[in-house]
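K.L.:
Below is query18.pdb; it holds PDB, C-alpha atoms, pLDDT in the B column.
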```
ATOM      1  CA  MET A  57      -1.605   6.071   1.740  1.00 37.00           C
ATOM      2  CA  PRO A  58      -4.497   4.565  -0.100  1.00 35.00           C
ATOM      3  CA  PRO A  59      -6.237   1.657   1.588  1.00 38.00           C
ATOM      4  CA  ALA A  60      -5.827  -1.820   0.176  1.00 44.00           C
ATOM      5  CA  ASP A  61      -8.279  -2.649  -2.572  1.00 43.00           C
ATOM      6  CA  ALA A  62      -9.322  -5.721  -4.516  1.00 40.00           C
ATOM      7  CA  ASN A  63      -6.312  -5.331  -6.825  1.00 42.00           C
ATOM      8  CA  SER A  64      -3.742  -5.113  -4.036  1.00 49.00           C
ATOM      9  CA  PRO A  65      -1.416  -8.076  -3.457  1.00 50.00           C
ATOM     10  CA  SER A  66      -2.937  -8.684  -0.036  1.00 52.00           C
ATOM     11  CA  ALA A  67      -6.295  -9.272  -1.762  1.00 54.00           C
ATOM     12  CA  VAL A  68      -4.880 -11.782  -4.248  1.00 61.00           C
ATOM     13  CA  ALA A  69      -5.422 -15.472  -3.501  1.00 69.00           C
ATOM     14  CA  GLY A  70      -2.182 -17.023  -2.340  1.00 80.00           C
ATOM     15  CA  LEU A  71      -0.716 -13.849  -0.819  1.00 86.00           C
ATOM     16  CA  LEU A  72      -1.069 -12.582   2.732  1.00 92.00           C
ATOM     17  CA  VAL A  73       0.434  -9.361   4.074  1.00 94.00           C
ATOM     18  CA  THR A  74      -0.046  -9.111   7.824  1.00 96.00           C
ATOM     19  CA  GLU A  75       1.356  -8.204  11.221  1.00 97.00           C
ATOM     20  CA  ILE A  76       2.557 -10.978  13.518  1.00 97.00           C
ATOM     21  CA  ASP A  77       3.287 -10.947  17.256  1.00 96.00           C
ATOM     22  CA  SER A  78       6.690 -12.629  17.138  1.00 93.00           C
ATOM     23  CA  ALA A  79       9.078 -13.101  14.243  1.00 95.00           C
ATOM     24  CA  ILE A  80      11.553 -15.639  15.571  1.00 94.00           C
ATOM     25  CA  ALA A  81       9.770 -18.826  14.458  1.00 93.00           C
ATOM     26  CA  LEU A  82       8.569 -17.473  11.133  1.00 93.00           C
ATOM     27  CA  ALA A  83      11.379 -15.113  10.079  1.00 96.00           C
ATOM     28  CA  GLY A  84      14.337 -16.288  12.176  1.00 96.00           C
ATOM     29  CA  SER A  85      16.113 -18.279   9.468  1.00 96.00           C
ATOM     30  CA  LEU A  86      15.671 -15.642   6.765  1.00 96.00           C
ATOM     31  CA  PHE A  87      16.714 -12.833   9.116  1.00 96.00           C
ATOM     32  CA  ALA A  88      19.780 -14.769  10.301  1.00 96.00           C
ATOM     33  CA  ALA A  89      20.832 -15.429   6.703  1.00 95.00           C
ATOM     34  CA  ARG A  90      20.565 -11.720   5.857  1.00 93.00           C
ATOM     35  CA  PHE A  91      21.998 -10.296   9.095  1.00 94.00           C
ATOM     36  CA  ARG A  92      25.021 -12.509   9.858  1.00 92.00           C
ATOM     37  CA  GLY A  93      23.356 -14.965  12.208  1.00 95.00           C
ATOM     38  CA  ALA A  94      21.361 -12.430  14.235  1.00 95.00           C
ATOM     39  CA  MET A  95      17.783 -13.210  15.178  1.00 96.00           C
ATOM     40  CA  PRO A  96      14.899 -10.771  14.606  1.00 96.00           C
ATOM     41  CA  PRO A  97      14.164  -8.516  17.575  1.00 94.00           C
ATOM     42  CA  ASP A  98      11.865  -9.933  20.241  1.00 94.00           C
ATOM     43  CA  ARG A  99      10.183  -6.549  20.688  1.00 95.00           C
ATOM     44  CA  GLY A 100       8.449  -4.025  18.485  1.00 97.00           C
ATOM     45  CA  ARG A 101       6.168  -4.801  15.581  1.00 98.00           C
ATOM     46  CA  HIS A 102       6.679  -7.377  12.867  1.00 98.00           C
ATOM     47  CA  PHE A 103       5.173  -7.382   9.370  1.00 98.00           C
ATOM     48  CA  VAL A 104       5.366 -10.161   6.808  1.00 97.00           C
ATOM     49  CA  THR A 105       4.272 -11.158   3.352  1.00 95.00           C
ATOM     50  CA  LEU A 106       3.457 -14.837   3.025  1.00 93.00           C
ATOM     51  CA  SER A 107       2.807 -16.655  -0.228  1.00 90.00           C
ATOM     52  CA  GLU A 108       1.287 -19.959  -1.190  1.00 86.00           C
ATOM     53  CA  SER A 109       3.338 -21.963  -3.657  1.00 79.00           C
ATOM     54  CA  ALA A 110       1.923 -24.066  -6.484  1.00 75.00           C
ATOM     55  CA  SER A 111       2.276 -27.100  -4.182  1.00 81.00           C
ATOM     56  CA  GLY A 112       0.035 -25.425  -1.571  1.00 83.00           C
ATOM     57  CA  ARG A 113       2.774 -24.733   0.979  1.00 84.00           C
ATOM     58  CA  TRP A 114       2.992 -21.289   2.565  1.00 90.00           C
ATOM     59  CA  GLY A 115       6.331 -19.533   2.846  1.00 91.00           C
ATOM     60  CA  LEU A 116       7.708 -16.254   4.117  1.00 95.00           C
ATOM     61  CA  VAL A 117       8.506 -13.922   1.237  1.00 95.00           C
ATOM     62  CA  CYS A 118       9.362 -10.745   3.163  1.00 96.00           C
ATOM     63  CA  TYR A 119       9.851  -9.539   6.732  1.00 97.00           C
ATOM     64  CA  VAL A 120      10.112  -5.973   8.097  1.00 97.00           C
ATOM     65  CA  HIS A 121      10.558  -4.889  11.719  1.00 97.00           C
ATOM     66  CA  PHE A 122       9.392  -1.621  13.311  1.00 98.00           C
ATOM     67  CA  GLN A 123      10.423  -0.401  16.739  1.00 98.00           C
ATOM     68  CA  PRO A 124       8.200   2.243  18.317  1.00 98.00           C
ATOM     69  CA  PHE A 125      10.329   5.055  19.752  1.00 97.00           C
ATOM     70  CA  GLY A 126       8.150   7.596  21.501  1.00 95.00           C
ATOM     71  CA  ASP A 127       6.173   9.538  18.921  1.00 94.00           C
ATOM     72  CA  THR A 128       8.171   7.983  16.062  1.00 97.00           C
ATOM     73  CA  CYS A 129       8.841   4.500  14.772  1.00 98.00           C
ATOM     74  CA  LEU A 130      12.126   3.044  13.507  1.00 98.00           C
ATOM     75  CA  GLY A 131      11.939   0.618  10.599  1.00 97.00           C
ATOM     76  CA  GLY A 132      14.546  -1.924   9.666  1.00 93.00           C
ATOM     77  CA  GLY A 133      15.515  -5.531   9.395  1.00 93.00           C
ATOM     78  CA  ALA A 134      13.883  -5.939   6.012  1.00 95.00           C
ATOM     79  CA  CYS A 135      14.676  -9.139   4.182  1.00 96.00           C
ATOM     80  CA  THR A 136      13.200 -11.021   1.229  1.00 95.00           C
ATOM     81  CA  ASP A 137      13.472 -14.701   0.332  1.00 95.00           C
ATOM     82  CA  THR A 138      14.241 -14.818  -3.395  1.00 91.00           C
ATOM     83  CA  ALA A 139      14.036 -18.633  -3.441  1.00 90.00           C
ATOM     84  CA  ILE A 140      10.376 -18.431  -2.374  1.00 90.00           C
ATOM     85  CA  LEU A 141       9.740 -15.720  -4.970  1.00 87.00           C
ATOM     86  CA  ARG A 142      10.980 -17.996  -7.761  1.00 84.00           C
ATOM     87  CA  LYS A 143       8.405 -20.634  -6.759  1.00 83.00           C
ATOM     88  CA  LEU A 144       5.355 -18.357  -6.790  1.00 84.00           C
ATOM     89  CA  PRO A 145       2.489 -18.989  -9.201  1.00 81.00           C
ATOM     90  CA  ALA A 146       2.310 -16.394 -11.976  1.00 84.00           C
ATOM     91  CA  PRO A 147      -0.790 -14.509 -10.660  1.00 82.00           C
ATOM     92  CA  ALA A 148       0.757 -14.019  -7.213  1.00 81.00           C
ATOM     93  CA  LEU A 149       4.117 -12.983  -8.672  1.00 85.00           C
ATOM     94  CA  ASP A 150       2.440 -10.561 -11.098  1.00 87.00           C
ATOM     95  CA  ALA A 151       0.414  -8.991  -8.268  1.00 84.00           C
ATOM     96  CA  MET A 152       3.514  -8.641  -6.129  1.00 85.00           C
ATOM     97  CA  ARG A 153       5.461  -7.030  -8.962  1.00 87.00           C
ATOM     98  CA  ALA A 154       2.569  -4.627  -9.672  1.00 87.00           C
ATOM     99  CA  ALA A 155       2.817  -3.484  -6.042  1.00 84.00           C
ATOM    100  CA  GLY A 156       6.535  -2.759  -6.432  1.00 90.00           C
ATOM    101  CA  GLY A 157       7.789  -6.062  -5.047  1.00 92.00           C
ATOM    102  CA  PRO A 158       7.501  -7.809  -1.691  1.00 93.00           C
ATOM    103  CA  TYR A 159       9.446  -5.267   0.355  1.00 95.00           C
ATOM    104  CA  ALA A 160       7.440  -2.327  -1.027  1.00 96.00           C
ATOM    105  CA  GLN A 161       4.115  -4.038  -0.406  1.00 93.00           C
ATOM    106  CA  THR A 162       5.074  -5.097   3.134  1.00 96.00           C
ATOM    107  CA  LEU A 163       6.342  -1.598   3.899  1.00 97.00           C
ATOM    108  CA  ARG A 164       3.198   0.064   2.516  1.00 96.00           C
ATOM    109  CA  TYR A 165       0.983  -2.251   4.550  1.00 97.00           C
ATOM    110  CA  ALA A 166       2.895  -1.544   7.771  1.00 98.00           C
ATOM    111  CA  LEU A 167       2.959   2.226   7.250  1.00 98.00           C
ATOM    112  CA  ASN A 168      -0.738   2.266   6.425  1.00 97.00           C
ATOM    113  CA  LYS A 169      -1.602   0.177   9.482  1.00 97.00           C
ATOM    114  CA  MET A 170       0.435   2.351  11.873  1.00 98.00           C
ATOM    115  CA  ALA A 171      -0.166   5.753  10.219  1.00 97.00           C
ATOM    116  CA  LYS A 172      -2.327   7.158  13.017  1.00 97.00           C
ATOM    117  CA  GLU A 173       0.031   6.048  15.791  1.00 97.00           C
ATOM    118  CA  PHE A 174       3.190   8.041  15.005  1.00 97.00           C
ATOM    119  CA  PHE A 175       4.207  11.492  13.751  1.00 94.00           C
ATOM    120  CA  ALA A 176       7.009   9.993  11.682  1.00 98.00           C
ATOM    121  CA  PHE A 177       8.702   6.786  10.636  1.00 98.00           C
ATOM    122  CA  PHE A 178      12.430   6.517  10.085  1.00 98.00           C
ATOM    123  CA  GLY A 179      14.614   4.181   8.099  1.00 97.00           C
ATOM    124  CA  HIS A 180      18.390   3.936   8.218  1.00 96.00           C
ATOM    125  CA  THR A 181      20.000   2.210   5.274  1.00 92.00           C
ATOM    126  CA  SER A 182      23.074   2.336   3.121  1.00 90.00           C
ATOM    127  CA  ASP A 183      21.710  -0.382   0.826  1.00 91.00           C
ATOM    128  CA  ALA A 184      20.986   1.265  -2.540  1.00 94.00           C
ATOM    129  CA  ARG A 185      18.133  -1.073  -3.492  1.00 93.00           C
ATOM    130  CA  ALA A 186      16.367  -0.723  -0.126  1.00 94.00           C
ATOM    131  CA  THR A 187      16.804   3.061  -0.275  1.00 96.00           C
ATOM    132  CA  LYS A 188      15.289   3.164  -3.775  1.00 96.00           C
ATOM    133  CA  ILE A 189      12.233   1.218  -2.601  1.00 96.00           C
ATOM    134  CA  ASP A 190      11.910   3.326   0.566  1.00 97.00           C
ATOM    135  CA  LEU A 191      11.859   6.477  -1.559  1.00 98.00           C
ATOM    136  CA  GLU A 192       9.299   4.980  -3.963  1.00 96.00           C
ATOM    137  CA  VAL A 193       7.031   4.149  -1.015  1.00 97.00           C
ATOM    138  CA  GLY A 194       7.168   7.734   0.269  1.00 97.00           C
ATOM    139  CA  PHE A 195      10.194   8.117   2.531  1.00 98.00           C
ATOM    140  CA  ARG A 196      12.306  11.230   2.009  1.00 98.00           C
ATOM    141  CA  PRO A 197      16.007  11.846   2.569  1.00 98.00           C
ATOM    142  CA  THR A 198      17.036  13.871   5.616  1.00 98.00           C
ATOM    143  CA  PRO A 199      20.171  15.967   6.117  1.00 97.00           C
ATOM    144  CA  VAL A 200      21.626  12.987   8.034  1.00 97.00           C
ATOM    145  CA  GLU A 201      23.446  10.467   5.855  1.00 96.00           C
ATOM    146  CA  HIS A 202      21.471   7.215   5.338  1.00 96.00           C
ATOM    147  CA  LEU A 203      18.541   8.469   7.464  1.00 98.00           C
ATOM    148  CA  LEU A 204      15.131   8.607   5.765  1.00 98.00           C
ATOM    149  CA  ILE A 205      11.821   9.961   7.065  1.00 98.00           C
ATOM    150  CA  TYR A 206       8.209   9.194   6.247  1.00 98.00           C
ATOM    151  CA  THR A 207       5.379  11.285   7.656  1.00 98.00           C
ATOM    152  CA  PRO A 208       1.845   9.945   7.202  1.00 97.00           C
ATOM    153  CA  ALA A 209       0.514  13.502   7.438  1.00 97.00           C
ATOM    154  CA  PRO A 210       2.219  16.857   7.000  1.00 96.00           C
ATOM    155  CA  ILE A 211       4.018  18.054  10.115  1.00 96.00           C
ATOM    156  CA  ASP A 212       5.494  21.380  11.101  1.00 96.00           C
ATOM    157  CA  ASP A 213       9.074  21.954   9.847  1.00 97.00           C
ATOM    158  CA  THR A 214      10.278  22.651  13.385  1.00 97.00           C
ATOM    159  CA  LEU A 215       8.796  19.385  14.646  1.00 97.00           C
ATOM    160  CA  GLU A 216      10.294  17.481  11.727  1.00 97.00           C
ATOM    161  CA  ARG A 217      13.765  18.914  12.394  1.00 97.00           C
ATOM    162  CA  ALA A 218      13.455  18.047  16.089  1.00 97.00           C
ATOM    163  CA  LEU A 219      12.396  14.477  15.310  1.00 97.00           C
ATOM    164  CA  ILE A 220      15.266  14.056  12.846  1.00 98.00           C
ATOM    165  CA  ALA A 221      17.728  15.346  15.463  1.00 98.00           C
ATOM    166  CA  LYS A 222      16.307  12.946  18.058  1.00 97.00           C
ATOM    167  CA  ILE A 223      16.654   9.943  15.752  1.00 98.00           C
ATOM    168  CA  ALA A 224      20.087  11.018  14.476  1.00 97.00           C
ATOM    169  CA  ALA A 225      21.271  10.996  18.095  1.00 97.00           C
ATOM    170  CA  VAL A 226      20.255   7.331  18.322  1.00 94.00           C
ATOM    171  CA  GLY A 227      22.670   6.438  15.526  1.00 91.00           C
ATOM    172  CA  PRO A 228      22.223   3.571  13.078  1.00 91.00           C
ATOM    173  CA  PHE A 229      19.381   1.236  13.979  1.00 90.00           C
TER     174      PHE A 229
END
```
Show this structure as structure tokens.
P.N.:
Amino acid sequence: MPPADANSPSAVAGLLVTEIDSAIALAGSLFAARFRGAMPPDRGRHFVTLSESASGRWGLVCYVHFQPFGDTCLGGGACTDTAILRKLPAPALDAMRAAGGPYAQTLRYALNKMAKEFFAFFGHTSDARATKIDLEVGFRPTPVEHLLIYTPAPIDDTLERALIAKIAAVGPF
């Protein structure tokens, strides 16, 4: 993945893509609205995109969770606040759109930040829009229904098959 540059959304005034230690206070309400009252996990790694509105208030635009699992990492829990998006100033919204939208930019940031830590990242989704974005960011389908894989660097086919089997045994995450 290319590193962030001056034209990336995270370099645009009014946008911040970052990792946070805990998601409950910042992403709890959005996560609960998207996932039937559940709270974001209290473990793993949490990535967010924050935006500054025209009134100067900061709000959570997107949240994504990653759970390290041995030599792999499981991604999920992605949610976007469309009400916040509608309030963004034009330059911030244009930058976000140019990066493929808030989920794509948050996902790219997280994968780039963790690329040297894991052989592979996995996503499990039956949501068509999320799957489309995952594929655009670089995930690939696997032989297992709804299971996607992203490898920051090429890996041996045998290792990839073994990792897919290991994650498939976990089931939906």
K.L.:
Please provide as a ChimeraX atom specification all residues within 12 Å of segment 196-198 of chain A, with the sequence filter that same-chain residues fewer than 3 positions apart are discarded (counting all atoms listed in the file).
P.N.:
/A:176-182,187-193,201-208,216-221,223-224
K.L.:
Rounded to one decimal place, report the atom CA of Phe91 of chain A-atom CA of Ala134 of chain A distance in Å.
P.N.:
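Atom-to-atom, atom CA of Phe91 of chain A to atom CA of Ala134 of chain A, that is 9.7 Å.
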K.L.:
Quote the spacing between atom CA of Thr105 of chain A and atom CA of Cys118 of chain A in Å to one decimal place.
P.N.:
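Between these atoms lies a distance of 5.1 Å.
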K.L.:
Which residue is closest to Thr162 of chain A? Choose from A:Leu72, A:Met95, A:Ala209, A:Ala110 and count all atoms listed in the file.
P.N.:
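Residue with the minimum atom-to-atom distance to Thr162 of chain A: A:Leu72.
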K.L.:
At what distance in Å, to one decimal, does atom CA of Ala139 of chain A lie from atom CA of Phe195 of chain A?
P.N.:
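Here the two named atoms are 27.7 Å from each other.
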K.L.:
Which of these residues is nearest to Ile140 of chain A, using all atoms listed in the file: A:Gly115, A:Pro199, A:Gly157, A:Pro124?
P.N.:
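That would be A:Gly115, the residue with the smallest distance to Ile140 of chain A.
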K.L.:
Using the chain letters and numbers from the file, give me the residues hit by the PyMOL selection byres ((chain A and resi 101) around 9), as a list of chain:residue names.
P.N.:
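That selection, the PyMOL selection byres ((chain A and resi 101) around 9), comes back as A:Glu75, A:Ile76, A:Asp77, A:Ser78, A:Ala79, A:Asp98, A:Arg99, A:Gly100, A:His102, A:Phe103, A:Val120, A:His121, A:Phe122, A:Gln123, A:Pro124.
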K.L.:
List as number ranges by chain: which residues have an atom within 12 Å of (14.5, -16.8, 9.8), counting only C-alpha atoms?
P.N.:
A: 78-97, 104, 115-120, 133-137
K.L.:
From the list A:Ala184, A:Leu163, A:Leu130, A:Ala148, which residue is nearest Gly227 of chain A when using only C-alpha atoms?
P.N.:
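So, comparing all the options, the nearest one is A:Leu130.
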